[in-house]
Amino acid sequence: MPELPEVETLRRELDKEVVGKRVKTVEVTGMKTIHRHTNRKSFIEKVEGQKFTAVERRGKYLVLTLDSGELLVIHLGMSGQLLRAANKDPMPKHAHVVMTFTQHGQLRYVDPRKFGEMFVTAPDELTNEVPELAELGVDPVEEPMSWTTFGEMLVSRKMKLKAFLMDQKIIAGIGNIYSDEILFAAGLRYDRMTDSLSSQEIRRLYRGVVETLHDAIKYGGSTLGDGQYVDLHGEPGEYQEHHQVYDREKLACRRCRVPIVKAKFQSRSTYFCEQCQV
DNA sequence: CGATCTACCTGATGGC
DNA sequence: TGCCATCAGGTAGATC
């Protein structure tokens, strides 16, 4: 569920509300979420008593620094949520990890589908333990680049635009929703080849990436009908109200009024406008 | 090496 | 009302 804008929204909230807090106790239910640890105890021992000193985002990963120097790495998968709550608030279903602070409530990790995970690791082991993180591509929000550099990245491979945008080893943080929104913003079809773009189209695509992601962050990310993505306070985002194509099958294109089309790409849904995207 | 599919899970939704 | 199939923001691993 959560892509770069949703994870960035959470990062900013964690920075305000969790950094500086000390963990008193940790409860873990089941091993799936912390599967990289051999047992619950080895995870709990590394977190209990620790204070969070910083939080950063790498693509769709969150990395919290503990005052032991170790890192708590979190990936939300499809349905993961991080929620601040008072100790007495009713515990939601599928709360797999609950951290109680010495003061001011809890941080809860809730994840019905259990595709997400978290683990603690030393900074110098991070790349061994998480090759995905080591191979992560550029962050389009944190590390702006020139459109000519972007153009070289595009031309140097031969793949469809949507696959390029969603490849975490090339650009980190873009998933199924934002790739569609970016391609609409750029006026390009999802199945155009990376090496077929004119320089004007390259510029439009790069602008689409940066502007779409910034806009989505501004509105706190996208929450779809199932309400799965919510922020640290359980509040939905608002960017879905600004979607041009995603989840808008058969609705009129906001630009040309032609109905939005839903197609399959790599066995996933893709939405686009046949008139505005070429 | 790169491109494509399937598995991992639970829950919501729609057709019959 | 119930049953079954389908679909859902992500990624890794198998298979070609």
# chains A, B, ... in the order shown; residues from 1 in each chain; ligands from 1

$ interface_residues --of "chain B" --to "chain A" --cutoff "9 Å" --atoms "only C-alpha atoms (C1' of nucleotides)" --output "NGL selection string"
:B and (4-5 or 8-12)

$ closest_atom_pairs --of "chain A" --to "chain C" --cutoff "7 Å" --atoms "only C-alpha atoms (C1' of nucleotides)" --output "tab-separated table"
residue	atom	partner	partner_atom	distance
A:Met1	CA	C:DG9	C1'	2.2
A:Pro2	CA	C:DG9	C1'	4.9
A:Glu3	CA	C:DG9	C1'	6.4
A:Gly77	CA	C:DG10	C1'	5.0
A:Met78	CA	C:DG10	C1'	5.4
A:Asn176	CA	C:DG9	C1'	6.8
A:Ile177	CA	C:DG9	C1'	6.9

$ select_by_dssp --residues "range 140-196 of chain A" --states "alpha helix (DSSP H)" --output "list in words"
Trp147, Thr148, Thr149, Phe150, Gly151, Glu152, Met153, Leu154, Val155, Leu161, Lys162, Ala163, Phe164, Leu165, Met166, Asn176, Ile177, Tyr178, Ser179, Asp180, Glu181, Ile182, Leu183, Phe184, Ala185 and Ala186 of chain A

$ atom_distance --atom1 "C1' of DC16 in chain B" --atom2 "CA of Gly227 in chain A"
27.7 Å

$ select_by_dssp --residues "range 39-240 of chain A" --states "strand (DSSP E or B)" --output "JSON, numbers by chain"
{"A": [51, 52, 53, 54, 55, 56, 57, 58, 61, 62, 63, 64, 65, 66, 71, 72, 73, 74, 75, 81, 82, 83, 84, 85, 95, 96, 97, 98, 99, 100, 101, 106, 107, 108, 109, 110, 117, 118, 119, 120, 121, 138, 160, 171, 193]}

$ closest_residue --among "A:Leu76, A:Leu62, A:Leu10, A:Lys160" --to "DA3 in chain B" --atoms "only C-alpha atoms (C1' of nucleotides)"
A:Lys160

$ atom_distance --atom1 "CA of Val209 in chain A" --atom2 "CA of Pro144 in chain A"
10.5 Å

$ atom_distance --atom1 "CA of Glu238 in chain A" --atom2 "CA of Ile182 in chain A"
17.0 Å

$ residues_around --residues "Thr53 in chain A" --least-positions-apart "6" --cutoff "6 Å" --atoms "only C-alpha atoms (C1' of nucleotides)" --output "list of chain:residue names"
A:Val19, A:Gly20, A:Thr65, A:Leu66

$ residues_around --residues "range 36-51 of chain A" --least-positions-apart "2" --cutoff "7 Å" --atoms "only C-alpha atoms (C1' of nucleotides)" --output "compact mmCIF listing (two decimals) with all heavy atoms, in the first residue's frame"
# COMPACT_ATOMS: atom_id res chain seq x y z
N GLY A 20 13.22 11.03 20.11
CA GLY A 20 13.37 11.64 21.44
C GLY A 20 12.69 10.81 22.52
O GLY A 20 12.94 11.02 23.71
N LYS A 21 11.83 9.88 22.12
CA LYS A 21 11.15 9.07 23.12
C LYS A 21 11.94 7.79 23.41
O LYS A 21 12.61 7.24 22.54
CB LYS A 21 9.74 8.70 22.63
CG LYS A 21 8.80 9.90 22.62
CD LYS A 21 7.35 9.48 22.54
CE LYS A 21 6.43 10.62 22.87
NZ LYS A 21 6.72 11.86 22.12
N ARG A 22 11.79 7.33 24.67
CA ARG A 22 12.48 6.11 25.08
C ARG A 22 11.48 4.97 25.22
O ARG A 22 10.40 5.15 25.79
CB ARG A 22 13.24 6.35 26.40
CG ARG A 22 14.17 5.21 26.79
CD ARG A 22 15.03 5.55 28.00
NE ARG A 22 15.97 6.65 27.79
CZ ARG A 22 17.15 6.53 27.17
NH1 ARG A 22 17.53 5.36 26.69
NH2 ARG A 22 17.93 7.58 27.03
N VAL A 23 11.87 3.81 24.74
CA VAL A 23 11.00 2.64 24.79
C VAL A 23 11.16 1.93 26.12
O VAL A 23 12.29 1.62 26.54
CB VAL A 23 11.35 1.64 23.65
CG1 VAL A 23 10.48 0.39 23.73
CG2 VAL A 23 11.20 2.32 22.30
N LYS A 24 10.06 1.72 26.81
CA LYS A 24 10.13 1.01 28.08
C LYS A 24 9.97 -0.49 27.84
O LYS A 24 10.80 -1.28 28.26
CB LYS A 24 9.03 1.52 29.03
CG LYS A 24 9.16 0.97 30.44
CD LYS A 24 8.29 1.72 31.45
CE LYS A 24 6.81 1.52 31.16
NZ LYS A 24 5.95 2.24 32.09
N THR A 25 8.89 -0.87 27.16
CA THR A 25 8.64 -2.30 26.92
C THR A 25 8.22 -2.54 25.47
O THR A 25 7.66 -1.67 24.82
CB THR A 25 7.52 -2.83 27.83
OG1 THR A 25 6.36 -2.03 27.64
CG2 THR A 25 7.92 -2.80 29.30
N VAL A 26 8.50 -3.75 25.00
CA VAL A 26 8.14 -4.16 23.64
C VAL A 26 7.39 -5.48 23.72
O VAL A 26 7.81 -6.40 24.42
CB VAL A 26 9.39 -4.36 22.76
CG1 VAL A 26 9.00 -4.82 21.36
CG2 VAL A 26 10.22 -3.08 22.68
N VAL A 28 5.75 -8.48 21.22
CA VAL A 28 5.72 -9.00 19.85
C VAL A 28 4.80 -10.21 19.79
O VAL A 28 4.91 -11.12 20.61
CB VAL A 28 7.14 -9.41 19.38
CG1 VAL A 28 7.08 -9.97 17.96
CG2 VAL A 28 8.10 -8.24 19.45
N MET A 31 6.07 -14.39 14.80
CA MET A 31 7.44 -14.16 14.34
C MET A 31 7.51 -13.57 12.93
O MET A 31 8.57 -13.15 12.49
CB MET A 31 8.23 -15.48 14.36
CG MET A 31 8.76 -15.88 15.73
SD MET A 31 9.82 -14.62 16.47
CE MET A 31 11.20 -14.59 15.31
N ILE A 34 8.99 -10.01 12.47
CA ILE A 34 10.41 -9.87 12.81
C ILE A 34 11.19 -11.11 12.38
O ILE A 34 12.14 -11.53 13.05
CB ILE A 34 10.58 -9.62 14.33
CG1 ILE A 34 9.90 -10.73 15.15
CG2 ILE A 34 10.04 -8.27 14.74
CD1 ILE A 34 10.43 -10.82 16.57
N THR A 53 16.68 8.28 18.18
CA THR A 53 17.42 9.54 18.03
C THR A 53 17.27 10.16 16.65
O THR A 53 17.60 11.33 16.47
CB THR A 53 18.92 9.33 18.32
OG1 THR A 53 19.42 8.32 17.44
CG2 THR A 53 19.13 8.90 19.77
N LEU A 66 18.65 4.10 16.99
CA LEU A 66 18.51 3.93 18.43
C LEU A 66 19.74 4.52 19.11
O LEU A 66 20.80 4.62 18.47
CB LEU A 66 18.40 2.44 18.77
CG LEU A 66 17.32 1.66 18.03
CD1 LEU A 66 17.43 0.16 18.32
CD2 LEU A 66 15.95 2.17 18.42
N ASP A 67 19.64 4.85 20.39
CA ASP A 67 20.83 5.46 21.00
C ASP A 67 21.93 4.44 21.29
O ASP A 67 23.04 4.80 21.63
CB ASP A 67 20.51 6.39 22.19
CG ASP A 67 19.84 5.68 23.34
OD1 ASP A 67 19.55 4.47 23.21
OD2 ASP A 67 19.60 6.34 24.36
N SER A 68 21.64 3.15 21.08
CA SER A 68 22.71 2.14 21.10
C SER A 68 23.57 2.24 19.84
O SER A 68 24.63 1.62 19.77
CB SER A 68 22.09 0.74 21.15
OG SER A 68 21.36 0.49 19.95
N PHE A 119 13.19 -5.02 11.73
CA PHE A 119 14.32 -5.70 12.38
C PHE A 119 15.33 -4.66 12.84
O PHE A 119 15.33 -3.52 12.37
CB PHE A 119 14.98 -6.71 11.42
CG PHE A 119 15.50 -6.09 10.16
CD1 PHE A 119 16.82 -5.66 10.08
CD2 PHE A 119 14.68 -5.93 9.06
CE1 PHE A 119 17.31 -5.09 8.91
CE2 PHE A 119 15.15 -5.36 7.89
CZ PHE A 119 16.46 -4.93 7.81
N VAL A 120 16.18 -5.10 13.75
CA VAL A 120 17.24 -4.23 14.26
C VAL A 120 18.56 -4.76 13.73
O VAL A 120 18.80 -5.97 13.73
CB VAL A 120 17.26 -4.22 15.80
CG1 VAL A 120 18.42 -3.38 16.31
CG2 VAL A 120 15.95 -3.70 16.35
